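*Asks:* This is coords-v4.cif, which holds mmCIF, C-alpha atoms:
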data_run
#
loop_
_atom_site.label_atom_id
_atom_site.label_comp_id
_atom_site.auth_asym_id
_atom_site.auth_seq_id
_atom_site.Cartn_x
_atom_site.Cartn_y
_atom_site.Cartn_z
CA MET A 1342 33.69 16.25 75.30
CA THR A 1343 30.86 16.93 72.90
CA ALA A 1344 30.33 14.93 69.74
CA ARG A 1345 31.44 17.88 67.60
CA ALA A 1346 34.54 18.51 69.70
CA ASN A 1347 35.35 14.85 69.57
CA VAL A 1348 35.44 14.96 65.78
CA LEU A 1349 37.51 18.10 65.48
CA ALA A 1350 40.10 16.96 68.01
CA ARG A 1351 41.42 14.18 65.77
CA ASP A 1352 44.43 14.98 63.62
CA THR A 1353 43.34 13.78 60.18
CA PRO A 1354 42.61 15.62 56.92
CA TYR A 1355 38.90 15.06 57.56
CA CYS A 1356 38.92 16.63 61.02
CA ARG A 1357 39.63 20.27 60.42
CA THR A 1358 37.29 22.94 61.70
CA VAL A 1359 34.92 23.91 58.90
CA ALA A 1360 32.70 26.93 59.41
CA PRO A 1361 29.10 26.38 58.22
CA ALA A 1362 29.29 29.20 55.65
CA ALA A 1363 32.56 27.86 54.25
CA ALA A 1364 31.09 24.37 54.07
CA ARG A 1365 28.12 25.65 52.07
CA ALA A 1366 30.39 27.58 49.73
CA VAL A 1367 32.61 24.59 49.06
CA SER A 1368 29.55 22.38 48.60
CA ALA A 1369 28.02 24.71 46.01
CA ARG A 1370 31.24 24.84 44.00
CA THR A 1371 32.38 21.23 44.04
CA VAL A 1372 29.81 18.71 45.19
CA ASP A 1373 27.97 18.77 41.85
CA ALA A 1374 31.10 17.33 40.26
CA PHE A 1375 30.28 13.99 41.87
CA THR A 1376 27.49 11.59 40.99
CA VAL A 1377 25.61 9.71 43.69
CA ALA A 1378 23.61 6.61 42.73
CA LEU A 1379 21.58 4.22 44.88
CA ASP A 1380 20.88 0.55 44.17
CA SER A 1381 19.09 -1.99 46.36
CA ASP A 1382 19.83 -5.00 44.15
CA LEU A 1383 23.12 -6.51 45.28
CA SER A 1384 23.35 -8.91 42.35
CA SER A 1385 23.35 -6.07 39.83
CA LEU A 1386 26.34 -4.51 41.57
CA GLU A 1387 28.32 -7.73 42.00
CA PRO A 1388 30.80 -7.39 39.08
CA VAL A 1389 31.59 -3.75 39.84
CA TRP A 1390 31.80 -4.35 43.59
CA ARG A 1391 34.06 -7.37 43.32
CA ALA A 1392 36.44 -5.57 40.98
CA PHE A 1393 36.49 -2.42 43.13
CA GLN A 1394 37.22 -4.21 46.41
CA GLU A 1395 40.44 -5.61 44.98
CA THR A 1396 41.97 -2.14 44.53
CA ALA A 1397 39.99 -0.01 46.99
CA ASP A 1398 40.84 0.59 50.63
CA CYS A 1399 38.39 -1.46 52.72
CA THR A 1400 38.23 -4.27 55.25
CA VAL A 1401 37.03 -7.82 54.70
CA PHE A 1402 33.67 -6.81 56.20
CA GLN A 1403 32.98 -4.59 53.17
CA THR A 1404 33.57 -7.34 50.62
CA PHE A 1405 30.68 -8.37 48.41
CA GLU A 1406 31.05 -11.96 49.58
CA TRP A 1407 30.56 -11.15 53.27
CA LEU A 1408 27.72 -8.65 52.89
CA SER A 1409 25.73 -10.50 50.24
CA ALA A 1410 25.82 -13.67 52.37
CA TRP A 1411 24.72 -11.64 55.40
CA GLN A 1412 21.80 -10.12 53.52
CA HIS A 1413 20.72 -13.48 52.11
CA HIS A 1414 20.71 -15.35 55.42
CA ILE A 1415 20.05 -12.64 58.01
CA GLY A 1416 19.12 -9.24 56.59
CA ALA A 1417 16.31 -10.36 54.29
CA ARG A 1418 14.67 -12.31 57.11
CA ALA A 1419 14.73 -9.23 59.33
CA GLY A 1420 13.30 -6.93 56.67
CA VAL A 1421 16.59 -5.07 56.09
CA VAL A 1422 16.64 -3.22 52.77
CA PRO A 1423 20.07 -2.54 51.19
CA HIS A 1424 20.76 0.98 49.95
CA ILE A 1425 24.13 0.68 48.25
CA ILE A 1426 25.54 4.07 47.33
CA THR A 1427 28.11 4.51 44.57
CA VAL A 1428 30.01 7.77 44.17
CA ARG A 1429 31.68 8.66 40.87
CA ASP A 1430 33.65 11.65 39.66
CA ALA A 1431 32.89 13.78 36.59
CA ASN A 1432 34.64 11.21 34.38
CA GLY A 1433 32.52 8.35 35.69
CA THR A 1434 35.37 6.82 37.71
CA LEU A 1435 34.14 4.93 40.76
CA LEU A 1436 35.44 6.60 43.93
CA SER A 1437 33.47 4.93 46.70
CA ILE A 1438 30.85 2.34 47.61
CA LEU A 1439 28.89 2.92 50.81
CA PRO A 1440 27.04 -0.28 51.82
CA LEU A 1441 24.10 1.27 53.66
CA ALA A 1442 20.71 -0.17 54.56
CA SER A 1443 17.47 0.67 56.31
CA ALA A 1444 16.20 -1.46 59.19
CA GLN A 1445 13.21 -1.36 61.49
CA ARG A 1446 13.98 -1.13 65.20
CA GLY A 1447 10.78 -0.91 67.19
CA PRO A 1448 8.75 2.06 65.93
CA LEU A 1449 11.76 3.66 64.19
CA ARG A 1450 13.27 3.15 60.77
CA GLU A 1451 17.06 3.45 60.99
CA LEU A 1452 19.73 4.17 58.40
CA VAL A 1453 22.55 1.74 59.21
CA TRP A 1454 25.51 -0.02 57.67
CA LEU A 1455 24.52 -3.20 55.85
CA GLY A 1456 25.41 -6.16 58.06
CA SER A 1457 26.42 -3.82 60.89
CA GLU A 1458 25.74 -6.30 63.70
CA LEU A 1459 28.23 -8.88 62.40
CA CYS A 1460 30.76 -6.46 60.92
CA ASP A 1461 33.53 -5.71 63.38
CA TYR A 1462 34.40 -2.70 61.22
CA ASN A 1463 31.88 -0.61 59.28
CA ALA A 1464 33.06 1.81 56.61
CA PRO A 1465 32.80 2.74 52.95
CA LEU A 1466 35.09 1.30 50.31
CA VAL A 1467 37.23 4.15 48.98
CA ALA A 1468 39.47 4.40 45.92
CA ALA A 1469 43.12 5.31 46.26
CA GLY A 1470 43.43 9.08 46.55
CA PHE A 1471 39.84 9.53 47.72
CA ALA A 1472 40.90 11.83 50.56
CA GLN A 1473 42.67 14.14 48.12
CA GLN A 1474 39.56 14.53 45.95
CA LEU A 1475 36.99 15.11 48.70
CA ASP A 1476 37.92 17.25 51.68
CA ALA A 1477 35.83 17.41 54.84
CA ALA A 1478 33.43 20.12 53.65
CA THR A 1479 32.82 18.45 50.29
CA PHE A 1480 32.20 15.05 51.83
CA ALA A 1481 29.80 16.54 54.39
CA ALA A 1482 27.82 18.10 51.54
CA LEU A 1483 27.95 14.82 49.63
CA TRP A 1484 26.68 12.98 52.71
CA ARG A 1485 23.60 15.21 52.77
CA ARG A 1486 22.89 14.15 49.18
CA ILE A 1487 23.36 10.51 50.15
CA VAL A 1488 20.86 10.77 53.01
CA GLN A 1489 18.39 12.52 50.70
CA ALA A 1490 18.73 9.71 48.17
CA VAL A 1491 18.01 7.09 50.85
CA GLN A 1492 15.09 9.11 52.20
CA MET A 1493 13.38 9.01 48.82
CA ARG A 1494 13.28 5.20 49.19
CA ALA A 1495 13.09 4.46 52.89
CA ARG A 1496 11.88 7.44 54.99
CA CYS A 1497 14.23 6.76 57.91
CA ASP A 1498 13.88 8.43 61.31
CA ILE A 1499 17.44 8.23 62.55
CA VAL A 1500 20.99 7.58 61.33
CA ARG A 1501 22.78 4.96 63.41
CA LEU A 1502 26.23 4.12 62.08
CA GLU A 1503 28.43 2.11 64.43
CA LYS A 1504 31.94 0.65 64.77
CA MET A 1505 33.68 2.94 62.28
CA PRO A 1506 37.51 2.92 62.27
CA ALA A 1507 39.48 6.16 62.07
CA THR A 1508 41.30 5.00 58.95
CA ILE A 1509 40.51 2.77 55.99
CA GLY A 1510 43.74 1.27 54.75
CA ALA A 1511 46.16 4.19 54.52
CA GLN A 1512 43.42 6.81 54.22
CA PRO A 1513 41.37 8.70 56.81
CA ASN A 1514 37.80 7.49 57.06
CA PRO A 1515 35.65 10.17 55.40
CA MET A 1516 32.77 9.37 57.77
CA LEU A 1517 34.73 11.05 60.54
CA ALA A 1518 34.11 14.38 58.84
CA LEU A 1519 30.67 14.05 60.43
CA PRO A 1520 29.79 14.37 64.14
CA THR A 1521 30.72 11.13 65.92
CA VAL A 1522 31.21 9.74 69.41
CA LEU A 1523 33.50 6.99 70.65
CA ASN A 1524 32.20 3.44 70.40
CA PRO A 1525 32.16 1.58 73.75
CA SER A 1526 34.86 -0.80 72.49
CA GLY A 1527 38.26 -0.41 70.88
CA CYS A 1528 39.97 -2.66 68.35
CA TYR A 1529 43.38 -4.32 68.31
CA ALA A 1530 45.87 -5.39 65.66
CA THR A 1531 49.57 -6.22 65.61
CA LYS A 1532 52.14 -6.26 62.85
CA LEU A 1533 53.67 -9.60 62.04
CA GLY A 1534 57.27 -10.22 61.12
CA SER A 1535 58.93 -12.80 58.93
CA SER A 1536 59.51 -15.31 61.74
CA TRP A 1537 57.23 -16.70 64.44
CA ASP A 1538 60.14 -17.22 66.82
CA LYS A 1539 61.31 -13.60 66.53
CA PHE A 1540 57.75 -12.29 66.83
CA TYR A 1541 57.10 -14.44 69.92
CA GLU A 1542 60.33 -13.39 71.63
CA ALA A 1543 59.60 -9.72 70.94
CA LYS A 1544 56.07 -9.89 72.34
CA ARG A 1545 56.43 -12.18 75.35
CA SER A 1546 58.93 -12.11 78.21
CA ALA A 1547 61.21 -15.03 79.02
CA ALA A 1548 59.14 -15.81 82.13
CA THR A 1549 55.90 -15.83 80.12
CA ARG A 1550 57.43 -18.07 77.45
CA ALA A 1551 58.52 -20.47 80.19
CA ARG A 1552 54.96 -20.61 81.58
CA ASP A 1553 53.64 -21.22 78.06
CA ARG A 1554 56.05 -24.15 77.63
CA SER A 1555 55.01 -25.59 80.98
CA LYS A 1556 51.31 -25.40 80.12
CA ARG A 1557 51.87 -26.91 76.68
CA LYS A 1558 53.81 -29.79 78.24
CA ARG A 1559 50.94 -30.49 80.66
CA LEU A 1560 48.47 -30.18 77.79
CA ALA A 1561 50.48 -32.73 75.79
CA ALA A 1562 50.06 -35.19 78.67
CA HIS A 1563 46.43 -35.53 77.53
CA GLY A 1564 47.45 -36.56 74.01
CA GLN A 1565 49.36 -35.50 70.93
CA ILE A 1566 48.85 -31.80 70.08
CA GLN A 1567 47.98 -31.16 66.44
CA PHE A 1568 47.06 -27.97 64.61
CA ALA A 1569 44.74 -28.69 61.68
CA THR A 1570 43.27 -26.44 59.01
CA ALA A 1571 39.91 -27.50 57.57
CA ALA A 1572 40.86 -28.06 53.94
CA GLU A 1573 37.58 -29.57 52.74
CA ALA A 1574 34.00 -28.34 53.12
CA SER A 1575 33.06 -31.35 55.25
CA GLN A 1576 35.96 -30.66 57.62
CA ALA A 1577 35.01 -27.00 57.79
CA LEU A 1578 31.44 -27.86 58.74
CA SER A 1579 32.40 -30.36 61.43
CA THR A 1580 34.95 -27.97 62.97
CA LEU A 1581 32.48 -25.09 62.79
CA GLN A 1582 29.87 -27.20 64.60
CA VAL A 1583 32.32 -27.77 67.47
CA LEU A 1584 33.04 -24.03 67.57
CA ILE A 1585 29.31 -23.26 67.75
CA GLU A 1586 28.82 -25.74 70.60
CA GLN A 1587 31.83 -24.49 72.56
CA LYS A 1588 30.97 -20.84 71.96
CA SER A 1589 27.31 -21.35 72.88
CA ALA A 1590 28.33 -22.95 76.16
CA ALA A 1591 30.65 -20.02 76.91
CA PHE A 1592 27.90 -17.51 76.13
CA ALA A 1593 25.58 -19.33 78.53
CA ARG A 1594 28.16 -19.36 81.35
CA ARG A 1595 28.80 -15.64 80.98
CA GLY A 1596 25.20 -14.56 80.54
CA ILE A 1597 25.73 -13.31 76.98
CA GLY A 1598 23.09 -13.71 74.30
CA ASN A 1599 23.88 -16.58 71.95
CA ILE A 1600 24.23 -15.23 68.41
CA PHE A 1601 23.85 -18.74 67.00
CA SER A 1602 20.29 -18.94 68.29
CA ARG A 1603 19.29 -15.98 66.10
CA ALA A 1604 17.58 -16.57 62.77
CA GLY A 1605 20.03 -17.19 59.95
CA TYR A 1606 23.27 -16.77 61.90
CA THR A 1607 24.36 -20.41 61.87
CA GLU A 1608 23.41 -20.72 58.20
CA PHE A 1609 25.43 -17.60 57.44
CA TYR A 1610 28.65 -19.01 58.90
CA ARG A 1611 28.07 -22.43 57.33
CA ASP A 1612 27.56 -20.83 53.94
CA LEU A 1613 30.80 -18.82 54.23
CA ALA A 1614 32.66 -21.95 55.30
CA THR A 1615 31.54 -24.07 52.36
CA ASP A 1616 30.73 -21.80 49.39
CA PRO A 1617 33.56 -22.04 46.81
CA GLN A 1618 33.30 -18.27 46.24
CA THR A 1619 33.98 -17.48 49.90
CA ARG A 1620 36.31 -20.28 50.94
CA SER A 1621 39.35 -18.17 50.00
CA LEU A 1622 38.27 -15.59 52.59
CA VAL A 1623 37.74 -18.09 55.40
CA HIS A 1624 40.24 -19.97 57.55
CA ILE A 1625 38.78 -22.55 59.92
CA SER A 1626 41.12 -24.49 62.16
CA ALA A 1627 41.27 -26.59 65.30
CA LEU A 1628 43.79 -27.58 67.93
CA ARG A 1629 43.42 -31.25 68.68
CA VAL A 1630 44.74 -32.83 71.85
CA GLY A 1631 44.54 -36.56 71.35
CA ASN A 1632 40.98 -37.23 70.21
CA THR A 1633 39.62 -33.99 71.66
CA ILE A 1634 39.12 -30.75 69.77
CA ALA A 1635 40.46 -28.46 72.46
CA ALA A 1636 40.14 -25.16 70.58
CA THR A 1637 38.71 -23.84 67.31
CA ASN A 1638 38.86 -20.72 65.21
CA PHE A 1639 36.88 -19.02 62.44
CA ALA A 1640 39.03 -16.35 60.77
CA LEU A 1641 38.83 -14.17 57.67
CA THR A 1642 41.74 -13.44 55.36
CA PHE A 1643 41.81 -10.47 53.00
CA LYS A 1644 44.74 -8.77 51.36
CA GLU A 1645 47.55 -8.51 53.94
CA ARG A 1646 45.35 -9.05 57.01
CA TYR A 1647 44.41 -12.09 59.06
CA TYR A 1648 41.16 -11.34 60.97
CA TYR A 1649 40.69 -13.26 64.22
CA VAL A 1650 36.88 -13.28 64.30
CA LEU A 1651 35.56 -16.22 66.37
CA SER A 1652 37.45 -18.55 68.67
CA SER A 1653 36.50 -21.10 71.29
CA TYR A 1654 37.99 -23.73 73.56
CA THR A 1655 36.81 -26.70 75.57
CA ASP A 1656 35.38 -26.19 79.03
CA GLY A 1657 36.63 -29.58 80.20
CA GLU A 1658 39.60 -30.35 82.43
CA MET A 1659 42.03 -29.13 79.76
CA ALA A 1660 40.62 -25.60 79.88
CA ARG A 1661 42.98 -24.50 82.69
CA LEU A 1662 45.99 -25.55 80.59
CA GLY A 1663 45.44 -22.81 78.03
CA PRO A 1664 44.31 -24.59 74.84
CA GLY A 1665 43.05 -21.29 73.46
CA ALA A 1666 46.44 -19.64 73.95
CA ALA A 1667 48.24 -22.62 72.41
CA HIS A 1668 45.92 -22.43 69.41
CA LEU A 1669 46.53 -18.69 69.08
CA HIS A 1670 50.29 -19.32 68.90
CA GLU A 1671 49.70 -21.73 66.03
CA LEU A 1672 47.53 -19.15 64.26
CA PHE A 1673 50.29 -16.56 64.53
CA ARG A 1674 52.70 -19.06 63.02
CA TYR A 1675 50.21 -19.90 60.25
CA ALA A 1676 49.66 -16.22 59.37
CA ILE A 1677 53.38 -15.40 59.36
CA GLU A 1678 54.30 -18.39 57.21
CA ARG A 1679 51.69 -17.35 54.63
CA GLY A 1680 52.96 -13.81 54.38
CA PHE A 1681 50.22 -11.87 56.21
CA GLY A 1682 51.50 -8.55 57.47
CA VAL A 1683 48.90 -7.84 60.17
CA PHE A 1684 47.08 -10.02 62.68
CA ASP A 1685 43.82 -8.23 63.40
CA PHE A 1686 42.04 -9.12 66.65
CA THR A 1687 39.14 -6.85 65.55
CA ILE A 1688 36.71 -5.29 68.03
CA GLY A 1689 36.70 -6.04 71.74
CA ASP A 1690 38.84 -5.16 74.76
CA GLU A 1691 39.68 -8.62 76.06
CA PRO A 1692 42.84 -8.41 78.22
CA TYR A 1693 44.80 -11.03 76.24
CA LYS A 1694 44.76 -8.76 73.17
CA ARG A 1695 46.83 -6.18 75.04
CA ASP A 1696 49.54 -8.81 75.51
CA TRP A 1697 50.16 -8.81 71.75
CA CYS A 1698 49.25 -5.27 70.68
CA ASP A 1699 50.92 -1.98 71.51
CA ARG A 1700 47.66 -0.08 71.94
CA ALA A 1701 43.95 -0.07 71.24
CA GLU A 1702 42.59 1.85 68.28
CA PRO A 1703 39.30 3.72 68.76
CA LEU A 1704 36.11 3.05 66.86
CA TYR A 1705 33.42 5.67 66.33
CA ASP A 1706 29.63 5.82 66.16
CA MET A 1707 27.31 8.35 64.60
CA VAL A 1708 23.74 9.05 65.69
CA ALA A 1709 21.80 11.73 63.84
CA VAL A 1710 18.13 12.66 63.75
CA ILE A 1711 16.24 12.71 60.45
CA SER A 1712 12.60 12.93 61.59
CA TRP A 1713 10.77 14.16 64.68
CA ARG A 1714 10.23 10.56 65.73
CA GLY A 1715 13.99 10.01 65.84
CA LEU A 1716 14.51 13.02 68.07
CA ALA A 1717 13.27 11.28 71.21
CA ALA A 1718 15.47 8.23 70.56
CA ALA A 1719 18.77 10.00 69.87
CA THR A 1720 19.48 11.28 73.39
CA PRO A 1721 19.02 7.95 75.23
CA LEU A 1722 21.03 6.14 72.53
CA LEU A 1723 23.99 8.47 73.02
CA ALA A 1724 23.66 8.34 76.82
CA PHE A 1725 23.58 4.53 76.82
CA SER A 1726 26.64 4.40 74.54
CA ARG A 1727 28.61 6.68 76.85
CA LEU A 1728 27.62 4.65 79.92
CA LYS A 1729 28.55 1.40 78.20
CA ARG A 1730 31.93 2.79 77.21
CA ALA A 1731 32.57 4.08 80.74
CA ILE A 1732 32.00 0.56 82.09
CA LYS A 1733 33.89 -1.33 79.38
CA GLN A 1734 36.94 0.93 79.45
CA ASN A 1735 37.31 0.68 83.23
CA PRO A 1736 38.84 -2.75 84.02
CA ARG A 1737 37.42 -2.82 87.54
CA LEU A 1738 33.91 -1.82 86.52
CA TRP A 1739 33.92 -4.24 83.58
CA SER A 1740 35.09 -7.09 85.80
CA LEU A 1741 32.35 -6.37 88.34
CA PHE A 1742 29.72 -6.14 85.61
CA SER A 1743 30.84 -9.43 84.00
CA LYS A 1744 30.84 -11.25 87.34
CA ALA A 1745 27.40 -9.91 88.20
CA ARG A 1746 26.03 -10.97 84.83
CA ALA A 1747 27.41 -14.48 85.21
CA LEU A 1748 26.04 -14.68 88.79
CA VAL A 1749 22.55 -13.77 87.60
CA VAL A 1750 22.71 -16.54 85.01
CA SER A 1751 23.95 -19.12 87.52
CA ARG A 1752 21.07 -18.33 89.88
CA LYS A 1753 18.55 -18.67 87.09
CA ARG A 1754 19.91 -22.08 86.09
CA PRO A 1755 17.73 -24.96 87.38
CA ARG A 1756 19.28 -27.01 90.18
CA GLY A 1757 21.01 -30.18 89.08
CA ARG A 1758 22.09 -28.67 85.77
CA VAL A 1759 25.67 -27.63 85.03
#
Could you render the structure from this file as structure tokens?
*Replies:*
Amino acid sequence: MTARANVLARDTPYCRTVAPAAARAVSARTVDAFTVALDSDLSSLEPVWRAFQETADCTVFQTFEWLSAWQHHIGARAGVVPHIITVRDANGTLLSILPLASAQRGPLRELVWLGSELCDYNAPLVAAGFAQQLDAATFAALWRRIVQAVQMRARCDIVRLEKMPATIGAQPNPMLALPTVLNPSGCYATKLGSSWDKFYEAKRSAATRARDRSKRKRLAAHGQIQFATAAEASQALSTLQVLIEQKSAAFARRGIGNIFSRAGYTEFYRDLATDPQTRSLVHISALRVGNTIAATNFALTFKERYYYVLSSYTDGEMARLGPGAAHLHELFRYAIERGFGVFDFTIGDEPYKRDWCDRAEPLYDMVAVISWRGLAAATPLLAFSRLKRAIKQNPRLWSLFSKARALVVSRKRPRGRV
């Protein structure tokens, strides 16, 4: 399926077939009714952005708190330049914020989402009723103006927008009016009820619940099991440090690059965990078994959603007793008791997510050429994305790839080291 066919096949208001001539006609009539502005100074947009995110459809990854912290600790060090687009109607009412940026990747300058690497979902913030005001043709014309505005500042070679969901809140994602392809990974979320017991019984069979009880009983033989939320900054930091150590060890075993070894990443998470302005978005917790922190979690909370972002568990003798699963059960209970309506596992096709979710939701990428230098890069980027998806979406191929990657790492490890 071609990128264009892939877009038009989806049944949303933004995915109707629009003939080029019709698109130009609609653009000429209506696009001038909207004002596009670009600002690279995040601090100047803070009051407007914070107010807008409270009423707009968006995810936690589009909040000012998340993206400004990312730019401060990670983006600025890497030479990323924010290009925050605001779209207003003829009355000056704010309709959308698109947190874009330009970043250097080798010889090319790319137009990307701000914070894209650490955002599990990338999208604009859109006001209620946005889809009714801008149809597919109008948004496509508006997008051309947005790219032109960025080009006056950055002179990018290629557009590379990744991990875009099909919907933003209750609205279709306007970015899917543009040519896109499927991201290699899907995302998972499940609706929560009013009771943990009812939710658990509905999602897991009697036999599975019995195995869970057996594992928890054996886990309890190692010490009292306690679920603890980090209420103070010092507790958050100490729990986060254990998560980083456990996660880093897991990355090493599996042959995956350690994000915490990258410049600014550890500082970014520590800042979110301790800054009074972001603490309301962050939930850090641990499952203790006796004196051992057996599992940890870094989650984000925004509006009705609990975002399961980072989790880890010990690689000691308790690992086979399912401390991660036991911790996840406690997190479900925590989210339900605090009135969250959705538990969002975010991006990634790990098998355990399918145990709790009815189906995977697709994510979409967009690659578009702006300059002649970007032309040579676009084709291999799309080919690599399709190959990666083919492997990740085939359980057998993905299992073989993961085992091979871990085997390579184990053979590289010096003898005598574990």
*Asks:* Give as a ChimeraX atom specification the residues that the PyMOL selection byres ((chain A and resi 1505) around 12) matches when applied to the coordinates above.
*Replies:* /A:1399-1400,1402-1403,1453-1454,1457,1460-1465,1501-1504,1506-1509,1513-1519,1521-1528,1687-1688,1702-1707
*Asks:* If you measure from atom CA of Asp1498 of chain A to atom CA of Trp1713 of chain A, what distance in Å do you get, rounded to one decimal?
*Replies:*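 Separating atom CA of Asp1498 of chain A from atom CA of Trp1713 of chain A is a distance of 7.3 Å.
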*Asks:* Given the point (38.2, -14.7, 70.0) in the coordinates of this file, which residues lie within 12 Å, counting all atoms listed in the file, and how would they look as a PyMOL selection string?
*Replies:* chain A and resi 1529+1584+1587-1588+1591+1636-1640+1648-1654+1665-1666+1668-1669+1672+1685-1694
*Asks:* A:Leu1441, A:Ile1634, A:Ile1711, A:Leu1662: which is nearest Lys1556 of chain A, counting all atoms listed in the file?
*Replies:*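 Of the candidates, the smallest distance to Lys1556 of chain A is held by A:Leu1662.
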*Asks:* Which residue out of A:Glu1658, A:Glu1645, A:Asp1699, A:Glu1542 has the minimum interatomic distance to Val1683 of chain A when only C-alpha atoms are used?
*Replies:*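 Result for the nearest residue to Val1683 of chain A: A:Glu1645.
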*Asks:* Starting from the PyMOL selection byres ((chain A and resi 1566) around 10), expand the selection into actual residues of this file and give them as a VMD selection string.
*Replies:* chain A and resid 1557 to 1558 1560 to 1565 1567 to 1569 1628 to 1635 1664 1667 to 1668
*Asks:* Determine the residue membership of the PyMOL selection byres ((chain A and resi 1497) around 6) for the file above and supply it as a PDB file with C-alpha atoms, in the frame of the given file.
*Replies:*
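The new file out.pdb reads:
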ATOM      1  CA  ARG A1450      13.270   3.150  60.770  1.00  0.00           C
ATOM      2  CA  GLU A1451      17.060   3.450  60.990  1.00  0.00           C
ATOM      3  CA  ALA A1495      13.090   4.460  52.890  1.00  0.00           C
ATOM      4  CA  ARG A1496      11.880   7.440  54.990  1.00  0.00           C
ATOM      5  CA  ASP A1498      13.880   8.430  61.310  1.00  0.00           C
ATOM      6  CA  ILE A1499      17.440   8.230  62.550  1.00  0.00           C
TER       7      ILE A1499
END
*Asks:* Within 6 Å of Leu1452 of chain A, counting all atoms listed in the file, which residues qualify if same-chain residues fewer than 2 places away don't, as a PDB file with C-alpha atoms, keeping the file's coordinate frame?
*Replies:*
ATOM      1  CA  ALA A1442      20.710  -0.170  54.560  1.00  0.00           C
ATOM      2  CA  SER A1443      17.470   0.670  56.310  1.00  0.00           C
ATOM      3  CA  VAL A1500      20.990   7.580  61.330  1.00  0.00           C
ATOM      4  CA  ARG A1501      22.780   4.960  63.410  1.00  0.00           C
TER       5      ARG A1501
END
*Asks:* Quick one: pull the distance between atom CA of Asp1553 of chain A and atom CA of Gln1582 of chain A, Å, one decimal.
*Replies:*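 Result for atom CA of Asp1553 of chain A versus atom CA of Gln1582 of chain A: 28.0 Å, one decimal.
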*Asks:* Can you work out which one of A:Val1428, A:Ala1717, A:Val1401, A:Ala1410 has the shortest atom-to-atom distance to Leu1383 of chain A, counting all atoms listed in the file?
*Replies:*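 Comparing A:Val1428, A:Ala1717, A:Val1401, A:Ala1410 against Leu1383 of chain A, the winner is A:Ala1410.
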*Asks:* Output as a tab-separated table one row per residue of segment 1465-1554 of chain A within 12 Å of segment 1385-1390 of chain A: the closest atom pair and its distance in Å to one decimal place, counting all atoms listed in the file, sorted by chain and residue number ascending.
*Replies:*
residue	atom	partner	partner_atom	distance
A:Pro1465	CA	A:Trp1390	CA	11.8
A:Leu1466	CA	A:Trp1390	CA	9.4
A:Val1467	CA	A:Trp1390	CA	11.4
A:Ala1468	CA	A:Trp1390	CA	11.9
*Asks:* To one decimal place, how far is atom CA of His1414 of chain A from atom CA of Thr1615 of chain A in Å?
*Replies:*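 Straight-line distance from atom CA of His1414 of chain A to atom CA of Thr1615 of chain A works out to 14.2 Å.
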*Asks:* Go ahead and find all residues with at least one atom no further than 10 Å from (20.3, 3.3, 45.8) in the file's coordinates, using all atoms listed in the file; report them as a count of residues only.
*Replies:* 20
*Asks:* Between A:Ser1409, A:Gln1489, A:Ser1384, A:Thr1720, which is the closest to Asp1612 of chain A once you count all atoms listed in the file?
*Replies:*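 Among the listed residues, the smallest separation from Asp1612 of chain A belongs to A:Ser1409.
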*Asks:* When distances are computed from only C-alpha atoms, which of A:Ala1676, A:Ser1712, A:Ala1530, A:Ile1625 shows the smallest separation from Ser1575 of chain A?
*Replies:* A:Ile1625
*Asks:* When distances are computed from only C-alpha atoms, which of A:Arg1594, A:Ala1572, A:Phe1601, A:Tyr1606 shows the smallest separation from Ser1626 of chain A?
*Replies:*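 Distance minimum relative to Ser1626 of chain A lands on A:Ala1572.
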